[in-house]
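All remarks here apply to the structure that follows.
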Amino acid sequence: MPRVSQDHLDARRRQILDGARACFARHGYEGATVRRLEEATGLSRGAIFHHFRDKETLFLALAEDDARRMADVVAEQGLVQVMRNLLAEHSEPVGEHPADWLGTRLEVSRRLRTDPDFRARWAERSEQLTAATRARLERQREAGKLRDDVEVPVLTAYLELVMEGLVSHLAMGLPADDLDPVLDLVEESVRRHRRSG
């Protein structure tokens, strides 16, 4: 029997993650049944669970993948850009952007509130986004672009709280088409302002 190449295994894993992301976003964790995961990925349960031990492992891998992607955006453009991306994805009709971070992020937030075992497993992984935010803010401070009257850990916590508030706002189905100026204000609130005079 021929061996499967690593590229093929990686592509299959990506196919599973992309399909599962759409399934979890559409149906939530509990509603993402094995049958729905099969339909969303176009693969059998055997193929899915060859790569992931169980649904929990699949969801955690998906959440980690999204956290890693968000951390990459944070490193380059900041946490406010991640929030802008969430807003943009939220405004797209369901099904047109299956790889949205919002659905996964909402489900992570729900599971953090309701599942102590998941909360413990996720705590180890969520530091990645915090570390990327902190590093970005440190670079901005060194470049003279960040306000210097508030410590970086406080600014990091502030931006993370704003993001969680945005996620909650979107989860409640509240209007989001007028939030860009709010994110402009958040972004401006962490910038260094030159004193005139």
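Chain labels run A, B, ... following the order of the structure tokens; each chain numbers its residues from 1, and ligands are numbered from 1 in the order shown.
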Hey, which bits of segment 18-121 of chain A sit within 10 Å of segment 157-175 of chain A, and for each residue what's the closest pair of atoms and how far apart in Å (one decimal), counting only C-alpha atoms, rows by chain and increasing number, as a tab-separated table?
residue	atom	partner	partner_atom	distance
A:Gly78	CA	A:Leu159	CA	9.8
A:Leu79	CA	A:Leu159	CA	7.1
A:Val80	CA	A:Leu159	CA	7.6
A:Val82	CA	A:Met163	CA	8.6
A:Met83	CA	A:Met163	CA	6.4
A:Arg84	CA	A:Met163	CA	9.9
A:Leu86	CA	A:Val167	CA	8.2
A:Leu87	CA	A:Leu170	CA	8.2
A:His90	CA	A:Leu170	CA	7.5
A:Ser91	CA	A:Pro175	CA	9.8
A:Leu102	CA	A:Val167	CA	7.5
A:Gly103	CA	A:Ala171	CA	8.9
A:Arg105	CA	A:Val167	CA	7.5
A:Leu106	CA	A:Val167	CA	6.6
A:Glu107	CA	A:Ala171	CA	9.6
A:Ser109	CA	A:Glu164	CA	8.4
A:Arg110	CA	A:Ala171	CA	9.9
Selection to disk with N, CA and C atoms, as a tab-separated table (two decimals), in the first residue's frame:
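result35.tsv, written as the output of this step:
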chain	number	residue	atom	x	y	z
A	78	GLY	N	-2.33	44.73	14.62
A	78	GLY	CA	-2.93	45.07	15.91
A	78	GLY	C	-4.27	44.39	16.17
A	79	LEU	N	-4.67	44.36	17.44
A	79	LEU	CA	-5.90	43.70	17.85
A	79	LEU	C	-7.14	44.41	17.31
A	80	VAL	N	-7.07	45.72	17.14
A	80	VAL	CA	-8.23	46.43	16.59
A	80	VAL	C	-8.52	45.93	15.17
A	82	VAL	N	-8.11	42.87	14.12
A	82	VAL	CA	-8.85	41.62	14.31
A	82	VAL	C	-10.32	41.93	14.53
A	83	MET	N	-10.60	42.96	15.35
A	83	MET	CA	-11.99	43.35	15.60
A	83	MET	C	-12.66	43.83	14.31
A	84	ARG	N	-11.94	44.59	13.52
A	84	ARG	CA	-12.49	45.05	12.23
A	84	ARG	C	-12.80	43.84	11.33
A	86	LEU	N	-13.58	40.82	12.34
A	86	LEU	CA	-14.78	40.18	12.89
A	86	LEU	C	-16.04	40.91	12.43
A	87	LEU	N	-15.98	42.24	12.47
A	87	LEU	CA	-17.13	43.04	12.01
A	87	LEU	C	-17.42	42.78	10.53
A	90	HIS	N	-18.96	39.46	10.09
A	90	HIS	CA	-20.32	39.44	10.64
A	90	HIS	C	-21.32	40.02	9.65
A	91	SER	N	-20.89	40.98	8.86
A	91	SER	CA	-21.81	41.64	7.93
A	91	SER	C	-22.05	40.84	6.66
A	102	LEU	N	-15.55	34.50	13.61
A	102	LEU	CA	-16.57	34.88	14.58
A	102	LEU	C	-17.32	33.68	15.12
A	103	GLY	N	-17.74	32.79	14.26
A	103	GLY	CA	-18.49	31.63	14.73
A	103	GLY	C	-17.69	30.81	15.73
A	105	ARG	N	-15.13	31.93	17.49
A	105	ARG	CA	-14.89	32.77	18.66
A	105	ARG	C	-16.12	32.79	19.58
A	106	LEU	N	-17.30	32.87	19.01
A	106	LEU	CA	-18.52	32.85	19.80
A	106	LEU	C	-18.67	31.52	20.53
A	107	GLU	N	-18.37	30.45	19.83
A	107	GLU	CA	-18.49	29.13	20.46
A	107	GLU	C	-17.43	28.93	21.54
A	109	SER	N	-16.24	31.35	23.40
A	109	SER	CA	-16.74	32.15	24.53
A	109	SER	C	-17.83	31.41	25.29
A	110	ARG	N	-18.74	30.79	24.56
A	110	ARG	CA	-19.82	30.03	25.22
A	110	ARG	C	-19.25	28.87	26.02
Helix (DSSP H, G or I) residues, from DSSP on the backbone, in segment 20-190 of chain A, as a PyMOL selection string: chain A and resi 20-31+34-41+45-51+55-77+79-91+101-114+116-142+152-171+180-190
Take the selection from the previous step and output its residues with C-alpha atoms, as a compact mmCIF listing (two decimals), in the first residue's frame.
# COMPACT_ATOMS: atom_id res chain seq x y z
CA ALA A 20 -15.69 22.00 10.58
CA ARG A 21 -15.35 25.79 11.00
CA ALA A 22 -18.40 26.33 8.82
CA CYS A 23 -20.30 23.57 10.63
CA PHE A 24 -19.50 24.88 14.13
CA ALA A 25 -20.30 28.46 13.06
CA ARG A 26 -23.65 27.40 11.63
CA HIS A 27 -24.76 24.84 14.24
CA GLY A 28 -22.68 25.53 17.37
CA TYR A 29 -20.65 22.88 19.16
CA GLU A 30 -23.59 20.77 20.31
CA GLY A 31 -25.39 21.00 16.97
CA VAL A 34 -20.88 13.79 13.21
CA ARG A 35 -23.31 13.60 10.28
CA ARG A 36 -23.18 17.40 9.86
CA LEU A 37 -19.39 17.36 10.12
CA GLU A 38 -19.31 14.70 7.39
CA GLU A 39 -21.55 16.82 5.16
CA ALA A 40 -19.55 20.02 5.81
CA THR A 41 -16.18 18.41 5.13
CA ARG A 45 -16.28 10.02 10.03
CA GLY A 46 -13.34 7.64 9.68
CA ALA A 47 -11.39 10.19 7.66
CA ILE A 48 -12.27 13.01 10.07
CA PHE A 49 -11.41 11.10 13.22
CA HIS A 50 -8.25 9.66 11.70
CA HIS A 51 -6.88 13.21 11.98
CA LYS A 55 -15.12 16.31 18.27
CA GLU A 56 -13.59 18.11 21.25
CA THR A 57 -10.08 17.71 19.82
CA LEU A 58 -11.30 18.88 16.42
CA PHE A 59 -12.94 21.97 17.91
CA LEU A 60 -9.89 22.80 20.01
CA ALA A 61 -7.63 22.42 16.95
CA LEU A 62 -9.95 24.74 15.03
CA ALA A 63 -9.97 27.30 17.84
CA GLU A 64 -6.16 27.09 18.06
CA ASP A 65 -5.88 27.55 14.30
CA ASP A 66 -8.07 30.65 14.46
CA ALA A 67 -6.16 32.00 17.48
CA ARG A 68 -2.90 31.52 15.58
CA ARG A 69 -4.33 33.35 12.55
CA MET A 70 -5.60 36.16 14.77
CA ALA A 71 -2.19 36.38 16.47
CA ASP A 72 -0.60 36.78 13.03
CA VAL A 73 -2.97 39.68 12.26
CA VAL A 74 -2.25 41.21 15.67
CA ALA A 75 1.50 40.98 15.10
CA GLU A 76 1.22 42.84 11.80
CA GLN A 77 -1.77 45.16 12.28
CA LEU A 79 -5.90 43.70 17.85
CA VAL A 80 -8.23 46.43 16.59
CA GLN A 81 -7.73 45.04 13.07
CA VAL A 82 -8.85 41.62 14.31
CA MET A 83 -11.99 43.35 15.60
CA ARG A 84 -12.49 45.05 12.23
CA ASN A 85 -12.15 41.64 10.54
CA LEU A 86 -14.78 40.18 12.89
CA LEU A 87 -17.13 43.04 12.01
CA ALA A 88 -16.55 42.56 8.29
CA GLU A 89 -17.21 38.82 8.55
CA HIS A 90 -20.32 39.44 10.64
CA SER A 91 -21.81 41.64 7.93
CA TRP A 101 -13.44 33.50 12.96
CA LEU A 102 -16.57 34.88 14.58
CA GLY A 103 -18.49 31.63 14.73
CA THR A 104 -15.56 29.86 16.34
CA ARG A 105 -14.89 32.77 18.66
CA LEU A 106 -18.52 32.85 19.80
CA GLU A 107 -18.49 29.13 20.46
CA VAL A 108 -15.19 29.40 22.36
CA SER A 109 -16.74 32.15 24.53
CA ARG A 110 -19.82 30.03 25.22
CA ARG A 111 -17.76 26.97 26.11
CA LEU A 112 -15.48 29.01 28.36
CA ARG A 113 -18.56 30.00 30.38
CA THR A 114 -20.14 26.56 30.52
CA PRO A 116 -14.69 23.93 33.11
CA ASP A 117 -12.61 21.24 31.36
CA PHE A 118 -12.57 23.22 28.13
CA ARG A 119 -11.73 26.39 30.08
CA ALA A 120 -8.67 24.67 31.58
CA ARG A 121 -7.50 23.36 28.20
CA TRP A 122 -8.11 26.69 26.47
CA ALA A 123 -6.27 28.76 29.10
CA GLU A 124 -3.01 27.17 28.01
CA ARG A 125 -3.64 28.21 24.43
CA SER A 126 -5.21 31.65 24.75
CA GLU A 127 -1.95 33.18 25.93
CA GLN A 128 -0.81 33.25 22.27
CA LEU A 129 -3.17 36.10 21.37
CA THR A 130 -2.37 38.01 24.56
CA ALA A 131 1.36 37.64 23.93
CA ALA A 132 0.99 38.86 20.34
CA THR A 133 -1.05 41.87 21.50
CA ARG A 134 1.47 42.72 24.21
CA ALA A 135 4.42 42.40 21.80
CA ARG A 136 2.70 44.60 19.21
CA LEU A 137 1.97 47.25 21.84
CA GLU A 138 5.59 47.14 23.05
CA ARG A 139 6.80 47.69 19.47
CA GLN A 140 4.35 50.57 19.05
CA ARG A 141 5.58 52.12 22.30
CA GLU A 142 9.23 51.78 21.23
CA VAL A 152 1.33 47.87 28.32
CA PRO A 153 -0.35 45.08 30.37
CA VAL A 154 -3.21 47.49 31.19
CA LEU A 155 -3.59 48.48 27.52
CA THR A 156 -3.52 44.78 26.55
CA ALA A 157 -6.29 43.97 29.04
CA TYR A 158 -8.29 46.99 27.82
CA LEU A 159 -8.14 45.89 24.18
CA GLU A 160 -8.99 42.28 25.08
CA LEU A 161 -12.03 43.47 27.07
CA VAL A 162 -13.18 45.58 24.11
CA MET A 163 -12.82 42.55 21.85
CA GLU A 164 -14.84 40.34 24.21
CA GLY A 165 -17.49 43.07 24.36
CA LEU A 166 -17.60 43.18 20.57
CA VAL A 167 -17.96 39.40 20.41
CA SER A 168 -20.83 39.57 22.95
CA HIS A 169 -22.47 42.39 21.00
CA LEU A 170 -22.34 40.38 17.79
CA ALA A 171 -23.50 37.21 19.56
CA ASP A 180 -16.43 51.26 12.79
CA PRO A 181 -16.31 54.71 14.43
CA VAL A 182 -16.29 52.98 17.83
CA LEU A 183 -13.26 50.95 16.78
CA ASP A 184 -11.65 54.17 15.48
CA LEU A 185 -12.15 55.62 18.97
CA VAL A 186 -10.64 52.53 20.63
CA GLU A 187 -7.64 52.70 18.32
CA GLU A 188 -7.20 56.42 18.96
CA SER A 189 -7.44 55.90 22.73
CA VAL A 190 -4.21 53.88 22.83
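For the pair atom CA of Ala32 of chain A and atom CA of Arg13 of chain A, the interatomic distance is 17.6 Å.
Between atom CA of Arg191 of chain A and atom CA of Lys145 of chain A lies a distance of 5.8 Å.
If you look at atom CA of Leu179 of chain A and atom CA of Gly144 of chain A, they are 27.3 Å away from each other.
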